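Shown here: query.pdb, PDB, C-alpha atoms, pLDDT in the B column.
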```pdb
ATOM      1  CA  MET S 172     -19.982 -10.286  31.596  1.00 96.00           C
ATOM      2  CA  TYR S 173     -19.917 -12.778  28.746  1.00 98.00           C
ATOM      3  CA  VAL S 174     -19.965 -11.056  25.380  1.00 98.00           C
ATOM      4  CA  CYS S 175     -19.304 -13.996  23.058  1.00 98.00           C
ATOM      5  CA  ILE S 176     -21.193 -17.009  24.338  1.00 97.00           C
ATOM      6  CA  CYS S 177     -19.901 -19.322  21.603  1.00 98.00           C
ATOM      7  CA  HIS S 178     -16.312 -18.934  22.792  1.00 98.00           C
ATOM      8  CA  ALA S 179     -17.007 -17.866  26.408  1.00 98.00           C
ATOM      9  CA  VAL S 180     -15.248 -14.507  25.957  1.00 98.00           C
ATOM     10  CA  THR S 181     -15.851 -11.832  28.572  1.00 98.00           C
ATOM     11  CA  ASP S 182     -15.620  -8.067  28.416  1.00 97.00           C
ATOM     12  CA  HIS S 183     -12.538  -8.269  30.647  1.00 97.00           C
ATOM     13  CA  GLN S 184     -10.811 -10.562  28.167  1.00 98.00           C
ATOM     14  CA  ILE S 185     -11.598  -8.109  25.388  1.00 97.00           C
ATOM     15  CA  HIS S 186     -10.160  -5.213  27.396  1.00 96.00           C
ATOM     16  CA  ASP S 187      -7.033  -7.248  28.143  1.00 97.00           C
ATOM     17  CA  ALA S 188      -6.658  -8.103  24.447  1.00 97.00           C
ATOM     18  CA  VAL S 189      -6.955  -4.424  23.489  1.00 96.00           C
ATOM     19  CA  ASP S 190      -4.366  -3.567  26.130  1.00 95.00           C
ATOM     20  CA  GLY S 191      -2.192  -6.216  24.483  1.00 96.00           C
ATOM     21  CA  GLY S 192      -2.419  -4.560  21.081  1.00 95.00           C
ATOM     22  CA  VAL S 193      -5.647  -5.809  19.490  1.00 96.00           C
ATOM     23  CA  GLN S 194      -7.277  -2.998  17.502  1.00 95.00           C
ATOM     24  CA  ASP S 195     -10.119  -4.614  15.571  1.00 95.00           C
ATOM     25  CA  LEU S 196     -12.573  -7.492  15.488  1.00 96.00           C
ATOM     26  CA  GLY S 197     -10.454  -9.570  13.125  1.00 97.00           C
ATOM     27  CA  GLN S 198      -7.440  -9.442  15.400  1.00 97.00           C
ATOM     28  CA  LEU S 199      -9.574 -10.247  18.422  1.00 97.00           C
ATOM     29  CA  GLY S 200     -11.019 -13.266  16.630  1.00 97.00           C
ATOM     30  CA  GLU S 201      -7.505 -14.553  16.032  1.00 97.00           C
ATOM     31  CA  VAL S 202      -6.609 -14.092  19.701  1.00 96.00           C
ATOM     32  CA  CYS S 203      -9.682 -15.515  21.456  1.00 96.00           C
ATOM     33  CA  GLY S 204     -12.241 -16.516  18.828  1.00 97.00           C
ATOM     34  CA  ALA S 205     -14.793 -13.836  19.705  1.00 97.00           C
ATOM     35  CA  GLY S 206     -17.098 -13.062  16.796  1.00 96.00           C
ATOM     36  CA  THR S 207     -15.944 -15.986  14.676  1.00 97.00           C
ATOM     37  CA  ASN S 208     -18.833 -18.408  15.146  1.00 97.00           C
ATOM     38  CA  CYS S 209     -22.481 -17.306  14.984  1.00 97.00           C
ATOM     39  CA  GLY S 210     -21.691 -13.578  14.755  1.00 95.00           C
ATOM     40  CA  ARG S 211     -24.369 -12.303  17.127  1.00 97.00           C
ATOM     41  CA  CYS S 212     -21.763 -10.660  19.351  1.00 97.00           C
ATOM     42  CA  ARG S 213     -19.816  -8.827  16.635  1.00 97.00           C
ATOM     43  CA  GLU S 214     -21.515  -5.466  17.088  1.00 97.00           C
ATOM     44  CA  MET S 215     -21.074  -5.516  20.873  1.00 97.00           C
ATOM     45  CA  VAL S 216     -17.482  -6.733  20.584  1.00 97.00           C
ATOM     46  CA  GLN S 217     -16.621  -3.934  18.159  1.00 97.00           C
ATOM     47  CA  GLU S 218     -18.246  -1.368  20.460  1.00 97.00           C
ATOM     48  CA  LEU S 219     -16.176  -2.632  23.397  1.00 97.00           C
ATOM     49  CA  ILE S 220     -12.983  -2.504  21.338  1.00 97.00           C
ATOM     50  CA  ASP S 221     -13.740   1.030  20.120  1.00 96.00           C
ATOM     51  CA  ARG S 222     -14.684   2.251  23.590  1.00 95.00           C
ATOM     52  CA  HIS S 223     -11.575   0.789  25.200  1.00 94.00           C
ATOM     53  CA  LEU S 224      -9.311   2.220  22.485  1.00 94.00           C
ATOM     54  CA  ALA S 225     -10.926   5.655  22.946  1.00 93.00           C
ATOM     55  CA  GLU S 226     -10.417   5.457  26.717  1.00 89.00           C
ATOM     56  CA  ALA S 227      -6.770   4.523  26.229  1.00 81.00           C
ATOM     57  CA  VAL S 228      -6.246   7.541  23.956  1.00 77.00           C
ATOM     58  CA  SER S 229      -7.949   9.924  26.395  1.00 76.00           C
ATOM     59  CA  TYR S 230      -5.829   8.627  29.286  1.00 69.00           C
ATOM     60  CA  ALA S 231      -2.664   9.078  27.247  1.00 64.00           C
ATOM     61  CA  ALA S 232      -3.517  12.685  26.421  1.00 60.00           C
TER      62      ALA S 232
END
```
Let me see whether you can do it: turn the structure in this file into structure tokens.
Amino acid sequence: MYVCICHAVTDHQIHDAVDGGVQDLGQLGEVCGAGTNCGRCREMVQELIDRHLAEAVSYAA
């Protein structure tokens, strides 16, 4: 699903970026531009980052 329409960023791209080391919205913006234009997606993007990081921690435990 597209999360950031301005930069055509999908939830899968966000997950891949987190798997690659991205840990916050600022870093993600540098990688793919998500959240850097109109800003409407920032809350959803941050939720996806947080959720994916939490899943990664629970799998590691």
Fill in: Residues selected by the PyMOL selection byres ((chain S and resi 199) around 12), written as a PyMOL selection string
chain S and resi 175+178+180+182+184-198+200-207+213+216-217+219-220
Box dimensions and centre (Å, one decimal) enclosing range 197-215 of chain S, axis-aligned, 8 Å extra per side, as JSON:
```
{"center_x": -15.5, "center_y": -11.9, "center_z": 17.3, "size_x": 33.8, "size_y": 28.9, "size_z": 24.3}
```
Item to complete: Record the distance separating CA of His223 in chain S and CA of Asn208 in chain S, expressed in Å with one decimal.
Response: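 About the pair CA of His223 in chain S and CA of Asn208 in chain S: they are 22.9 Å apart.
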Item to complete: Decode the PyMOL selection byres ((chain S and resi 172) around 7) for the given file into explicit residues and return them as a list of chain:residue names.
Response: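 Checking the PyMOL selection byres ((chain S and resi 172) around 7) against this file, the residues are S:Tyr173, S:Val174, S:Thr181, S:Asp182.
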